[in-house]
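Novice: This is data.cif (mmCIF, C-alpha atoms).
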```cif
data_protein
#
loop_
_atom_site.label_atom_id
_atom_site.label_comp_id
_atom_site.auth_asym_id
_atom_site.auth_seq_id
_atom_site.Cartn_x
_atom_site.Cartn_y
_atom_site.Cartn_z
CA ALA M 1 0.00 0.00 0.00
CA ILE M 2 2.83 2.43 0.83
CA LYS M 3 4.75 1.58 -2.36
CA GLU M 4 1.62 2.07 -4.46
CA HIS M 5 1.05 5.47 -2.82
CA THR M 6 4.66 6.43 -3.58
CA TYR M 7 4.29 5.37 -7.21
CA ARG M 8 1.03 7.32 -7.56
CA CYS M 9 2.73 10.45 -6.18
CA ARG M 10 5.61 9.99 -8.62
CA GLN M 11 3.16 9.44 -11.46
CA THR M 12 1.66 12.90 -11.00
CA SER M 13 5.07 14.59 -10.75
CA ASP M 14 7.03 16.08 -13.62
CA ALA M 15 10.34 15.05 -12.07
CA ILE M 16 11.91 13.44 -9.00
CA LEU M 17 14.44 15.24 -6.78
CA THR M 18 16.72 13.14 -4.59
CA THR M 19 20.17 13.13 -3.02
CA ALA M 20 23.27 11.05 -3.62
CA LYS M 21 22.94 9.68 -0.08
CA THR M 22 19.50 8.22 -0.85
CA ILE M 23 20.85 6.56 -3.99
CA GLN M 24 23.94 5.25 -2.18
CA HIS M 25 21.84 3.88 0.68
CA ASP M 26 18.87 2.40 -1.22
CA ASP M 27 20.04 2.08 -4.87
CA PRO M 28 16.49 2.78 -6.11
CA PHE M 29 15.23 2.81 -9.69
CA LEU M 30 13.10 5.89 -8.90
CA ASP M 31 10.50 4.99 -11.48
CA VAL M 32 6.73 4.49 -11.49
CA ARG M 33 5.50 0.88 -11.38
CA LEU M 34 1.74 0.55 -11.53
CA GLY M 35 0.12 -2.56 -12.93
CA ASN M 36 2.20 -3.85 -15.83
CA THR M 37 3.53 -0.39 -16.65
CA ILE M 38 6.97 0.98 -15.78
CA GLU M 39 7.42 4.71 -16.40
CA ASN M 40 10.65 6.66 -15.99
CA LYS M 41 10.61 10.25 -14.78
CA ARG M 42 13.17 13.00 -15.13
CA LEU M 43 15.59 12.85 -12.22
CA TYR M 44 17.43 15.63 -10.44
CA ILE M 45 20.15 14.53 -8.05
CA LEU M 46 22.03 16.61 -5.49
CA ASP M 47 25.57 15.15 -5.44
CA ARG M 48 28.00 17.87 -4.39
CA GLY M 49 30.95 15.49 -4.21
CA LEU M 50 30.17 13.42 -7.34
CA LYS M 51 30.22 10.28 -5.21
CA LEU M 52 27.56 8.24 -7.01
CA SER M 53 28.57 4.77 -8.15
CA ASN M 54 28.71 4.07 -11.87
CA GLN M 55 26.76 0.90 -11.05
CA ALA M 56 23.75 2.72 -9.53
CA LYS M 57 20.38 1.67 -10.96
CA ILE M 58 19.37 5.26 -11.68
CA TRP M 59 21.79 5.44 -14.63
CA HIS M 60 19.46 3.05 -16.51
CA ASN M 61 16.72 5.69 -16.49
CA THR M 62 15.67 6.58 -20.03
CA GLN M 63 14.56 10.11 -19.14
CA SER M 64 16.89 13.04 -18.55
CA ILE M 65 19.04 13.08 -15.42
CA GLY M 66 20.45 16.29 -13.97
CA VAL M 67 23.23 16.00 -11.40
CA PHE M 68 23.97 19.11 -9.34
CA TYR M 69 27.55 19.14 -8.06
CA SER M 70 30.03 21.52 -6.47
CA SER M 71 32.45 23.17 -8.91
CA GLN M 72 35.20 22.23 -6.44
CA ASN M 73 34.69 18.63 -7.60
CA ALA M 74 34.74 19.30 -11.35
CA GLY M 75 37.92 17.21 -11.62
CA LYS M 76 35.86 14.10 -10.82
CA LEU M 77 33.56 14.52 -13.84
CA SER M 78 35.72 12.20 -15.94
CA THR M 79 34.92 9.35 -13.53
CA MET M 80 31.16 9.80 -13.83
CA PRO M 81 28.85 8.10 -16.36
CA ALA M 82 28.64 9.94 -19.67
CA LYS M 83 25.38 9.34 -21.51
CA GLU M 84 23.33 11.57 -23.75
CA ASN M 85 20.54 11.86 -21.15
CA ILE M 86 22.83 12.86 -18.24
CA ARG M 87 23.70 16.50 -17.59
CA TYR M 88 26.09 17.69 -14.89
CA ILE M 89 25.22 21.12 -13.55
#
```
Could you quickly redo this structure as structure tokens?
Specialist:
Amino acid sequence: AIKEHTYRCRQTSDAILTTAKTIQHDDPFLDVRLGNTIENKRLYILDRGLKLSNQAKIWHNTQSIGVFYSSQNAGKLSTMPAKENIRYI
């Protein structure tokens, strides 16, 4: 019941905002799963230190992903996933 409520809330949202800590701790897909349908949403991630794993499930999202990071960590960008749908801001 709680998962379904979460998915319904996500379904009505234009995008999902989360933190790197949530992704590191839970490794979620952050999608909408209702019935036989799986829907991806745009993701915005706060990751000041660019510490997300390249193996995180969120990188399989087919919608756009925006990662907000600190310019002090710009040197780490080369270690992050580079896909057409991922933008580092």
Novice: In terms of the shortest atom-to-atom distance over all atoms listed in the file, which of M:Thr79, M:Gln24, M:Ser64, M:Thr19 is closest to Arg48 of chain M?
Specialist: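 Among the listed residues, M:Thr19 lies closest to Arg48 of chain M.
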Novice: As an exercise, work out the distance from atom CA of Leu17 of chain M to atom CA of Tyr44 of chain M in Å and give it to one decimal place.
Specialist: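 It comes out at 4.7 Å.
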Novice: Using all atoms listed in the file, which of the listed residues (M:Arg42, M:Asp26, M:Gly35, M:Met80) sits closest to Asn61 of chain M?
Specialist: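 When distances to Asn61 of chain M are compared using all atoms listed in the file, the smallest one comes from M:Arg42.
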Novice: Rank M:Lys76, M:Asp31, M:Thr62, M:Thr18 by their smallest atom-to-atom distance to Thr6 of chain M, using all atoms listed in the file, and report the top residue only.
Specialist: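 The shortest atom-to-atom distance to Thr6 of chain M comes from M:Asp31.
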Novice: Using the chain letters and numbers from the file, give me the residues hit by the PyMOL selection byres ((chain M and resi 34) around 12), as a VMD selection string.
Specialist: chain M and resid 1 3 to 11 31 to 33 35 to 40
Novice: Do you know which residues the PyMOL selection byres ((chain M and resi 55-57) around 8) returns on this file, as a ChimeraX atom specification?
Specialist: /M:23-24,27-29,52-54,58-61
Novice: The selected residues should be written to file as a JSON list (two decimals), in the frame of the given file (atoms: C-alpha atoms).
Specialist:
```json
[["chain", "number", "residue", "atom", "x", "y", "z"],
["M", 23, "ILE", "CA", 20.85, 6.56, -3.99],
["M", 24, "GLN", "CA", 23.94, 5.25, -2.18],
["M", 27, "ASP", "CA", 20.04, 2.08, -4.87],
["M", 28, "PRO", "CA", 16.49, 2.78, -6.11],
["M", 29, "PHE", "CA", 15.23, 2.81, -9.69],
["M", 52, "LEU", "CA", 27.56, 8.24, -7.01],
["M", 53, "SER", "CA", 28.57, 4.77, -8.15],
["M", 54, "ASN", "CA", 28.71, 4.07, -11.87],
["M", 58, "ILE", "CA", 19.37, 5.26, -11.68],
["M", 59, "TRP", "CA", 21.79, 5.44, -14.63],
["M", 60, "HIS", "CA", 19.46, 3.05, -16.51],
["M", 61, "ASN", "CA", 16.72, 5.69, -16.49]]
```
Novice: So which residues fall inside 12 Å of (32.3, 17.6, -13.5) if we count all atoms listed in the file? Mind giving them as a list in words?
Specialist: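 Every residue inside that radius is included here: Asp47, Arg48, Gly49, Leu50, Lys51, Gly66, Val67, Phe68, Tyr69, Ser70, Ser71, Gln72, Asn73, Ala74, Gly75, Lys76, Leu77, Ser78, Thr79, Met80, Pro81, Ala82, Ile86, Arg87, Tyr88 and Ile89 of chain M.
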Novice: Work out how far apart atom CA of Gln63 of chain M and atom CA of His25 of chain M are and give it in Å to one decimal.
Specialist: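 About the pair atom CA of Gln63 of chain M and atom CA of His25 of chain M: they are 22.0 Å apart.
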